[in-house]
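The structure file upload_18.txt is reproduced below (compact mmCIF, C-alpha atoms and all ligand atoms).
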```
# COMPACT_ATOMS: atom_id res chain seq x y z
CA MET A 1 119.30 91.56 163.90
CA LYS A 2 122.81 90.66 165.05
CA PRO A 3 123.58 91.75 168.59
CA ARG A 4 126.06 94.62 168.78
CA ASP A 5 128.44 95.33 171.62
CA ARG A 6 129.17 98.94 170.62
CA LEU A 7 126.65 101.71 171.14
CA ARG A 8 125.48 103.50 168.02
CA ILE A 9 124.18 107.07 168.00
CA ALA A 10 122.44 108.58 164.97
CA MET A 11 122.69 112.27 164.24
CA GLN A 12 122.10 114.75 161.43
CA LYS A 13 124.70 114.50 158.66
CA SER A 14 124.69 118.18 157.74
CA GLY A 15 122.40 120.81 159.10
CA ARG A 16 121.74 123.07 162.03
CA LEU A 17 122.05 120.33 164.63
CA THR A 18 125.30 118.81 163.36
CA GLU A 19 127.93 121.05 164.96
CA PRO A 20 126.25 121.51 168.36
CA ALA A 21 125.50 117.77 168.55
CA LEU A 22 129.13 116.82 167.88
CA ASP A 23 130.27 119.46 170.35
CA LEU A 24 127.97 118.05 173.04
CA LEU A 25 129.20 114.49 172.48
CA ASN A 26 132.81 115.73 172.68
CA ARG A 27 132.05 117.39 176.01
CA CYS A 28 130.70 114.07 177.19
CA GLY A 29 134.14 112.62 176.50
CA LEU A 30 133.26 110.97 173.20
CA THR A 31 135.63 111.52 170.30
CA PHE A 32 135.40 110.13 166.82
CA ARG A 33 137.74 109.57 163.97
CA GLN A 34 136.73 112.52 161.82
CA SER A 35 135.71 111.50 158.36
CA ARG A 36 132.79 113.67 157.47
CA ASP A 37 132.08 112.02 154.12
CA LYS A 38 131.97 108.67 155.73
CA LEU A 39 128.55 108.20 157.19
CA PHE A 40 129.91 105.97 159.92
CA CYS A 41 132.32 107.47 162.49
CA PHE A 42 134.22 105.10 164.72
CA GLY A 43 134.48 106.11 168.38
CA GLU A 44 138.04 106.32 169.65
CA GLY A 45 137.83 106.01 173.44
CA GLU A 46 134.50 104.56 174.46
CA PRO A 47 132.69 101.85 172.49
CA VAL A 48 130.34 104.40 170.93
CA ASP A 49 130.03 104.99 167.18
CA LEU A 50 128.17 107.63 165.18
CA LEU A 51 125.89 107.26 162.20
CA LEU A 52 125.44 110.42 160.10
CA VAL A 53 122.03 110.41 158.40
CA ARG A 54 119.09 112.60 157.39
CA ASP A 55 117.35 113.84 160.52
CA ASP A 56 113.98 112.53 159.38
CA ASP A 57 115.40 108.99 159.25
CA ILE A 58 116.66 109.00 162.84
CA PRO A 59 113.52 107.84 164.72
CA GLY A 60 113.00 104.98 162.27
CA LEU A 61 116.60 103.83 162.67
CA ILE A 62 116.17 103.69 166.44
CA ALA A 63 112.80 101.94 166.18
CA GLN A 64 114.38 99.29 163.92
CA GLY A 65 117.23 98.80 166.35
CA VAL A 66 119.85 99.91 163.81
CA CYS A 67 120.84 102.66 166.28
CA ASP A 68 120.48 102.82 170.05
CA LEU A 69 120.08 106.57 170.44
CA GLY A 70 119.60 109.63 168.27
CA ILE A 71 120.07 113.37 168.52
CA VAL A 72 117.09 114.83 166.71
CA GLY A 73 114.56 117.66 166.83
CA ARG A 74 111.57 117.08 169.09
CA ASN A 75 109.42 117.90 166.04
CA VAL A 76 110.87 114.96 164.08
CA LEU A 77 110.49 112.62 167.05
CA HIS A 78 106.85 113.61 167.63
CA GLU A 79 106.04 113.36 163.93
CA PHE A 80 107.35 109.79 163.96
CA GLN A 81 105.48 108.90 167.14
CA GLY A 82 102.28 110.23 165.61
CA THR A 83 102.58 108.43 162.29
CA ALA A 84 104.31 105.15 163.23
CA GLY A 85 101.68 102.44 163.16
CA GLU A 86 100.61 100.34 166.11
CA GLY A 87 103.16 97.75 167.17
CA ALA A 88 106.06 100.08 166.31
CA THR A 89 108.78 100.32 168.95
CA ALA A 90 107.87 103.10 171.37
CA LEU A 91 110.44 105.89 171.44
CA THR A 92 110.95 108.42 174.16
CA GLU A 93 112.70 111.73 174.75
CA TRP A 94 115.48 110.92 177.19
CA ARG A 95 116.80 114.46 177.57
CA PRO A 96 116.13 117.91 176.09
CA LEU A 97 119.51 119.20 174.90
CA GLY A 98 119.06 122.96 174.96
CA PHE A 99 120.13 123.77 171.39
CA GLY A 100 118.38 123.93 168.04
CA ARG A 101 115.44 125.77 169.60
CA CYS A 102 112.66 126.53 167.14
CA ARG A 103 108.91 126.21 166.85
CA LEU A 104 106.54 124.45 164.50
CA SER A 105 104.13 127.14 163.42
CA ILE A 106 101.29 128.00 161.09
CA ALA A 107 102.20 130.90 158.79
CA VAL A 108 99.97 132.81 156.41
CA PRO A 109 100.60 135.42 153.69
CA GLN A 110 101.44 138.76 155.35
CA GLU A 111 98.33 140.53 154.14
CA ARG A 112 95.97 137.82 155.38
CA ASP A 113 93.98 138.02 158.61
CA TYR A 114 94.32 135.21 161.11
CA ARG A 115 92.66 135.22 164.49
CA GLU A 116 92.09 131.56 165.33
CA PRO A 117 92.54 128.02 163.97
CA ALA A 118 88.95 128.09 162.62
CA ASP A 119 90.18 130.64 160.04
CA LEU A 120 91.99 127.71 158.37
CA ALA A 121 88.75 125.84 157.63
CA SER A 122 88.73 124.41 154.07
CA GLN A 123 92.14 125.93 153.38
CA ARG A 124 95.10 124.09 151.87
CA ILE A 125 98.05 123.93 154.28
CA ALA A 126 101.49 122.80 153.05
CA THR A 127 103.81 121.07 155.52
CA SER A 128 106.55 118.50 156.02
CA TYR A 129 104.84 117.49 159.28
CA PRO A 130 101.45 116.04 158.25
CA GLY A 131 101.17 113.93 161.41
CA LEU A 132 101.61 116.86 163.79
CA LEU A 133 99.48 119.19 161.66
CA ASN A 134 96.61 116.69 161.31
CA ALA A 135 96.64 116.02 165.07
CA TRP A 136 96.50 119.76 165.79
CA LEU A 137 93.69 120.33 163.28
CA ARG A 138 91.73 117.46 164.85
CA GLU A 139 92.24 118.88 168.32
CA LYS A 140 91.03 122.30 167.12
CA GLN A 141 88.19 120.62 165.17
CA VAL A 142 89.17 122.31 161.93
CA ALA A 143 88.69 120.58 158.57
CA ALA A 144 91.48 121.63 156.23
CA THR A 145 93.44 120.00 153.40
CA VAL A 146 96.98 119.00 154.32
CA ILE A 147 99.50 119.04 151.48
CA THR A 148 102.72 117.18 152.27
CA LEU A 149 105.98 118.56 150.84
CA ALA A 150 109.48 117.34 151.64
CA GLY A 151 110.99 120.84 151.70
CA SER A 152 110.81 124.47 150.55
CA VAL A 153 107.36 124.58 152.08
CA GLU A 154 107.46 128.39 152.38
CA ILE A 155 107.22 128.84 148.63
CA ALA A 156 103.86 127.07 148.28
CA PRO A 157 101.55 130.06 148.99
CA ARG A 158 103.34 132.17 146.38
CA LEU A 159 103.02 129.38 143.84
CA GLY A 160 99.31 129.21 144.60
CA THR A 161 99.50 125.56 145.66
CA ALA A 162 98.64 126.31 149.31
CA ASP A 163 96.84 129.01 151.34
CA ALA A 164 98.98 128.61 154.46
CA ILE A 165 101.95 126.59 155.66
CA CYS A 166 103.03 124.73 158.78
CA ASP A 167 106.81 124.66 159.16
CA LEU A 168 109.69 125.32 161.53
CA VAL A 169 110.51 128.89 162.48
CA GLN A 170 113.79 129.81 164.11
CA SER A 171 114.87 133.37 163.26
CA GLY A 172 111.78 134.01 161.14
CA GLY A 173 114.02 134.97 158.22
CA THR A 174 112.59 132.41 155.82
CA LEU A 175 109.03 133.57 156.54
CA VAL A 176 109.88 137.25 155.95
CA ALA A 177 111.77 136.42 152.75
CA ASN A 178 108.65 134.69 151.46
CA GLN A 179 106.15 137.35 152.60
CA LEU A 180 104.63 135.15 155.27
CA ARG A 181 103.92 135.81 158.93
CA GLU A 182 103.72 133.47 161.89
CA ALA A 183 100.11 133.01 162.93
CA ASP A 184 99.96 130.17 165.49
CA VAL A 185 102.38 127.83 167.28
CA LEU A 186 101.86 124.03 167.36
CA LEU A 187 105.02 122.90 169.13
CA GLN A 188 108.08 124.35 170.87
CA SER A 189 111.03 122.30 169.70
CA GLU A 190 114.72 121.79 170.38
CA ALA A 191 117.25 119.01 169.90
CA VAL A 192 116.60 116.03 172.16
CA LEU A 193 118.28 112.75 172.94
CA ALA A 194 115.83 110.11 171.70
CA GLY A 195 115.86 106.40 172.34
CA PRO A 196 113.68 103.36 172.95
CA GLN A 197 111.53 103.44 176.08
CA THR A 198 113.43 100.49 177.54
CA LEU A 199 117.21 100.33 177.52
CA PRO A 200 119.00 97.29 176.08
CA ALA A 201 119.72 94.77 178.84
CA ASP A 202 123.42 94.43 177.97
CA GLU A 203 126.61 96.54 178.01
CA ARG A 204 124.94 99.05 175.74
CA GLY A 205 122.36 99.79 178.43
CA ASP A 206 125.19 100.44 180.93
CA MET A 207 126.92 102.68 178.39
CA ILE A 208 123.71 104.66 177.88
CA GLU A 209 123.35 105.17 181.63
CA LEU A 210 126.93 106.42 181.80
CA LEU A 211 126.31 108.74 178.87
CA LEU A 212 123.14 110.15 180.48
CA LYS A 213 125.07 110.84 183.67
CA ARG A 214 127.80 112.70 181.78
CA LEU A 215 125.18 114.54 179.74
CA ASP A 216 123.45 115.76 182.88
CA GLY A 217 126.77 117.05 184.17
CA VAL A 218 127.57 118.85 180.94
CA ILE A 219 124.08 120.36 180.61
CA GLN A 220 124.12 121.54 184.24
CA VAL A 221 127.47 123.26 183.79
CA ARG A 222 126.21 125.04 180.68
CA GLU A 223 122.98 126.35 182.23
C1 LIG B 1 114.29 125.13 158.32
C2 LIG B 1 112.79 125.20 158.33
C3 LIG B 1 112.51 126.57 157.77
C4 LIG B 1 113.71 127.38 158.20
C5 LIG B 1 113.37 128.27 159.37
O1 LIG B 1 114.72 124.70 157.09
O2 LIG B 1 112.22 124.17 157.54
O3 LIG B 1 112.41 126.53 156.39
O4 LIG B 1 114.73 126.46 158.59
O5 LIG B 1 114.48 128.98 159.86
P1 LIG B 1 114.47 130.55 159.99
O6 LIG B 1 113.21 130.94 160.74
O7 LIG B 1 115.71 130.87 160.79
O8 LIG B 1 114.50 131.15 158.63
P2 LIG B 1 116.24 124.30 156.80
O9 LIG B 1 116.83 125.32 155.93
O10 LIG B 1 116.96 124.07 158.10
O11 LIG B 1 116.21 122.95 156.01
P3 LIG B 1 115.09 121.84 155.70
O12 LIG B 1 113.76 122.51 155.63
O13 LIG B 1 115.53 121.30 154.37
O14 LIG B 1 115.19 120.79 156.78
ZN ZN B 2 114.89 117.76 157.75
MG MG B 3 113.02 124.51 155.42
```

As a first step, turn the structure in this file into C-alpha cells.
Amino acid sequence: MKPRDRLRIAMQKSGRLTEPALDLLNRCGLTFRQSRDKLFCFGEGEPVDLLLVRDDDIPGLIAQGVCDLGIVGRNVLHEFQGTAGEGATALTEWRPLGFGRCRLSIAVPQERDYREPADLASQRIATSYPGLLNAWLREKQVAATVITLAGSVEIAPRLGTADAICDLVQSGGTLVANQLREADVLLQSEAVLAGPQTLPADERGDMIELLLKRLDGVIQVRE
C-alpha cells in the first residue's frame, strides 16, 4: 500500500454514532469540508481526513491499513477481534468515547421463562454478532444454534425462525415493539476510538498522539 502523509479516520456514514462522532472531532479542532454524500471528507486545518462507511466495515479498514483510526462501537470492534483469523493486524481500543452507550443482550419472547444461560440449550438464537455470541455460549458451556442475520434480528422469533435473539439494546424500544424482553447481558458497549496496537512510525503517529491529547482534554471537560 502507498504510504500516506495524511491521517485517515473511518466513521459511521449514517446512524446513531454519526452526529456525536463528528461533534467530538470538531471539539478536537478538526473540521471537514461538509459533503455528506461524498464518502470522503477532506480535513480543512489539520492533515486529517474522514472516511464515511458502514460501521461493520471499520475494523477491517483499519486492519488493512486503509484507515489509521476508527470511531466504532466496542461491540463491532470485539466482534472483529473475535472472528479475524490469526495473522490479522491486532486492533486495540485507544479510548472509550462516552457516547453511543448500549449493551449486547440476549432477549427472549416476553412470555418465556429465562433464569440462566443453560435455558438456551439447543435453542436457535438469531444475531448479527455470531463471534461474540459463540464465545459467550462457549464460556457458559451451552450448546445452541447460532443463526446469523445482517439486521432486523428482533423479528426472527415472531417469524418462527429463532427462539431467542442476541442484539444491541439501547432504550429497549425495539424489544418491546417486538414482544421481547432482555434476559442476559453479554457486553456493555459504547463508541470507542479504535486503531492498530502500534502507531505508524511517521507523521501520522505524531498526529495520532496529538489527537489523543486533545481528546483527553475534551473528554475530561465533558465529564
Ligand atoms: C440497533 C440495534 C437494535 C436497536 C436497539 O439497530 O440493532 O435493533 O438499535 O435500540 P433500542 O433499544 O433503542 O430500540 P439500529 O436501528 O441502530 O440499526 P442496525 O441494526 O441496522 O445497525
Ligand atoms: Zn451496523
Ligand atoms: Mg437493529

Neighbouring residues of segment 40-53 of chain A were defined as those with any atom within 8 Å, considering all atoms listed in the file; residues of the same chain fewer than 5 positions away were excluded. Please report them as a PyMOL selection string. chain A and resi 5-13+30-35+58+67

Segment 80-83 of chain A: which residues within 8 Å, counting all atoms listed in the file, same-chain residues fewer than 5 positions away excluded, as a PyMOL selection string? chain A and resi 59-60+90-91+131-132

Residues at most 9 Å from segment 190-197 of chain A, counting all atoms listed in the file, excluding those fewer than 2 positions away in the same chain, as a PDB file with C-alpha atoms, keeping the file's coordinate frame?
```
ATOM      1  CA  LEU A  17     122.050 120.330 164.630  1.00  0.00           C
ATOM      2  CA  ALA A  21     125.500 117.770 168.550  1.00  0.00           C
ATOM      3  CA  ILE A  58     116.660 109.000 162.840  1.00  0.00           C
ATOM      4  CA  PRO A  59     113.520 107.840 164.720  1.00  0.00           C
ATOM      5  CA  ILE A  62     116.170 103.690 166.440  1.00  0.00           C
ATOM      6  CA  ALA A  63     112.800 101.940 166.180  1.00  0.00           C
ATOM      7  CA  GLY A  65     117.230  98.800 166.350  1.00  0.00           C
ATOM      8  CA  CYS A  67     120.840 102.660 166.280  1.00  0.00           C
ATOM      9  CA  ASP A  68     120.480 102.820 170.050  1.00  0.00           C
ATOM     10  CA  LEU A  69     120.080 106.570 170.440  1.00  0.00           C
ATOM     11  CA  GLY A  70     119.600 109.630 168.270  1.00  0.00           C
ATOM     12  CA  ILE A  71     120.070 113.370 168.520  1.00  0.00           C
ATOM     13  CA  VAL A  72     117.090 114.830 166.710  1.00  0.00           C
ATOM     14  CA  GLY A  73     114.560 117.660 166.830  1.00  0.00           C
ATOM     15  CA  ARG A  74     111.570 117.080 169.090  1.00  0.00           C
ATOM     16  CA  ASN A  75     109.420 117.900 166.040  1.00  0.00           C
ATOM     17  CA  LEU A  77     110.490 112.620 167.050  1.00  0.00           C
ATOM     18  CA  THR A  89     108.780 100.320 168.950  1.00  0.00           C
ATOM     19  CA  ALA A  90     107.870 103.100 171.370  1.00  0.00           C
ATOM     20  CA  LEU A  91     110.440 105.890 171.440  1.00  0.00           C
ATOM     21  CA  THR A  92     110.950 108.420 174.160  1.00  0.00           C
ATOM     22  CA  GLU A  93     112.700 111.730 174.750  1.00  0.00           C
ATOM     23  CA  TRP A  94     115.480 110.920 177.190  1.00  0.00           C
ATOM     24  CA  ARG A  95     116.800 114.460 177.570  1.00  0.00           C
ATOM     25  CA  PRO A  96     116.130 117.910 176.090  1.00  0.00           C
ATOM     26  CA  LEU A  97     119.510 119.200 174.900  1.00  0.00           C
ATOM     27  CA  GLY A  98     119.060 122.960 174.960  1.00  0.00           C
ATOM     28  CA  PHE A  99     120.130 123.770 171.390  1.00  0.00           C
ATOM     29  CA  GLY A 100     118.380 123.930 168.040  1.00  0.00           C
ATOM     30  CA  ARG A 101     115.440 125.770 169.600  1.00  0.00           C
ATOM     31  CA  CYS A 102     112.660 126.530 167.140  1.00  0.00           C
ATOM     32  CA  ARG A 103     108.910 126.210 166.850  1.00  0.00           C
ATOM     33  CA  GLN A 188     108.080 124.350 170.870  1.00  0.00           C
ATOM     34  CA  LEU A 199     117.210 100.330 177.520  1.00  0.00           C
ATOM     35  CA  PRO A 200     119.000  97.290 176.080  1.00  0.00           C
TER      36      PRO A 200
END
```

Contact check, chain A to ligand MG 3 (chain B), at most 10 Å, counting only C-alpha atoms and all ligand atoms, closest pairs as a tab-separated table:
```
residue	atom	partner	partner_atom	distance
A:Thr127	CA	B:MG3	MG	9.8
A:Ser128	CA	B:MG3	MG	8.9
A:Ala150	CA	B:MG3	MG	8.8
A:Gly151	CA	B:MG3	MG	5.6
A:Ser152	CA	B:MG3	MG	5.3
A:Val153	CA	B:MG3	MG	6.6
A:Glu154	CA	B:MG3	MG	7.4
A:Ile155	CA	B:MG3	MG	9.9
A:Asp167	CA	B:MG3	MG	7.3
A:Leu168	CA	B:MG3	MG	7.0
A:Val169	CA	B:MG3	MG	8.7
A:Thr174	CA	B:MG3	MG	7.9
A:Leu175	CA	B:MG3	MG	10.0
```

Separation of atom CA of Ile106 of chain A and atom CA of Ala183 of chain A, in Å?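 The value is 5.5 Å.
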
Long-range neighbours of Ala201 of chain A as a CSV table (one decimal) with C-alpha atoms, keeping the file's coordinate frame, 12 Å cut-off, only C-alpha atoms, 3 positions minimum in chain:
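The result, stored in result_37.csv:
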```csv
chain,number,residue,atom,x,y,z
A,3,PRO,CA,123.6,91.8,168.6
A,4,ARG,CA,126.1,94.6,168.8
A,5,ASP,CA,128.4,95.3,171.6
A,68,ASP,CA,120.5,102.8,170.0
A,198,THR,CA,113.4,100.5,177.5
A,204,ARG,CA,124.9,99.0,175.7
A,205,GLY,CA,122.4,99.8,178.4
A,206,ASP,CA,125.2,100.4,180.9
A,207,MET,CA,126.9,102.7,178.4
A,208,ILE,CA,123.7,104.7,177.9
A,209,GLU,CA,123.4,105.2,181.6
```

To one decimal place, how far is atom CA of Glu19 of chain A from atom CA of Cys166 of chain A in Å? 25.9 Å

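The residue that comes closest to ligand ZN 2 (chain B), out of A:Val66, A:Leu22, A:Ile125, A:Leu149 and on the basis of all atoms listed in the file, is A:Leu149.
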
Taking only C-alpha atoms and all ligand atoms into account, report as an mmCIF file with C-alpha atoms, keeping the file's coordinate frame which residues have an atom no farther than 7 Å from an atom of ligand ZN 2 (chain B).
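That gives us out-v2.cif:
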```cif
data_model
loop_
_atom_site.group_PDB
_atom_site.id
_atom_site.type_symbol
_atom_site.label_atom_id
_atom_site.label_comp_id
_atom_site.auth_asym_id
_atom_site.auth_seq_id
_atom_site.Cartn_x
_atom_site.Cartn_y
_atom_site.Cartn_z
ATOM 1 C CA ARG A 54 119.090 112.600 157.390
ATOM 2 C CA ASP A 55 117.350 113.840 160.520
ATOM 3 C CA ASP A 56 113.980 112.530 159.380
#
```

Using all atoms listed in the file, which residues sit within 10 Å of Gly29 of chain A once same-chain residues fewer than 5 positions away are excluded, as a PDB file with C-alpha atoms, keeping the file's coordinate frame?
```pdb
ATOM      1  CA  ASP A  23     130.270 119.460 170.350  1.00  0.00           C
ATOM      2  CA  LEU A  24     127.970 118.050 173.040  1.00  0.00           C
ATOM      3  CA  GLY A  45     137.830 106.010 173.440  1.00  0.00           C
ATOM      4  CA  GLU A  46     134.500 104.560 174.460  1.00  0.00           C
ATOM      5  CA  LEU A 211     126.310 108.740 178.870  1.00  0.00           C
ATOM      6  CA  ARG A 214     127.800 112.700 181.780  1.00  0.00           C
ATOM      7  CA  LEU A 215     125.180 114.540 179.740  1.00  0.00           C
TER       8      LEU A 215
END
```

From the list A:Asp216, A:Glu139, A:Asp119, A:Glu182, the nearest residue to ligand LIG 1 (chain B) using all atoms listed in the file is A:Glu182

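Among A:Thr161, A:Gln170, A:Ser122, A:Asn26, the residue with the shortest atom-to-atom distance to Gln141 of chain A, counting only C-alpha atoms, is A:Ser122.
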
I need the residue nearest Ala126 of chain A from this list: A:Leu159, A:Leu39, A:Ala107, A:Ile165. Use all atoms listed in the file for the distance.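 For Ala126 of chain A, the nearest of the candidates is A:Ile165.
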
Quote the spacing between atom CA of Arg115 of chain A and atom CA of Arg138 of chain A in Å to one decimal place. 17.8 Å

Best match for closeness to Ala143 of chain A among A:Val108, A:Val218, A:Leu120, A:Val185, counting only C-alpha atoms: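 Answer, going by the shortest atom-to-atom distance: A:Leu120.
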
Compare A:Ser171, A:Asn178, A:Thr145, A:Gln220 by their minimum atom-to-atom distance to ligand LIG 1 (chain B), counting only C-alpha atoms and all ligand atoms, and give me the closest one.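 Among A:Ser171, A:Asn178, A:Thr145, A:Gln220, it is A:Ser171 that comes nearest to ligand LIG 1 (chain B).
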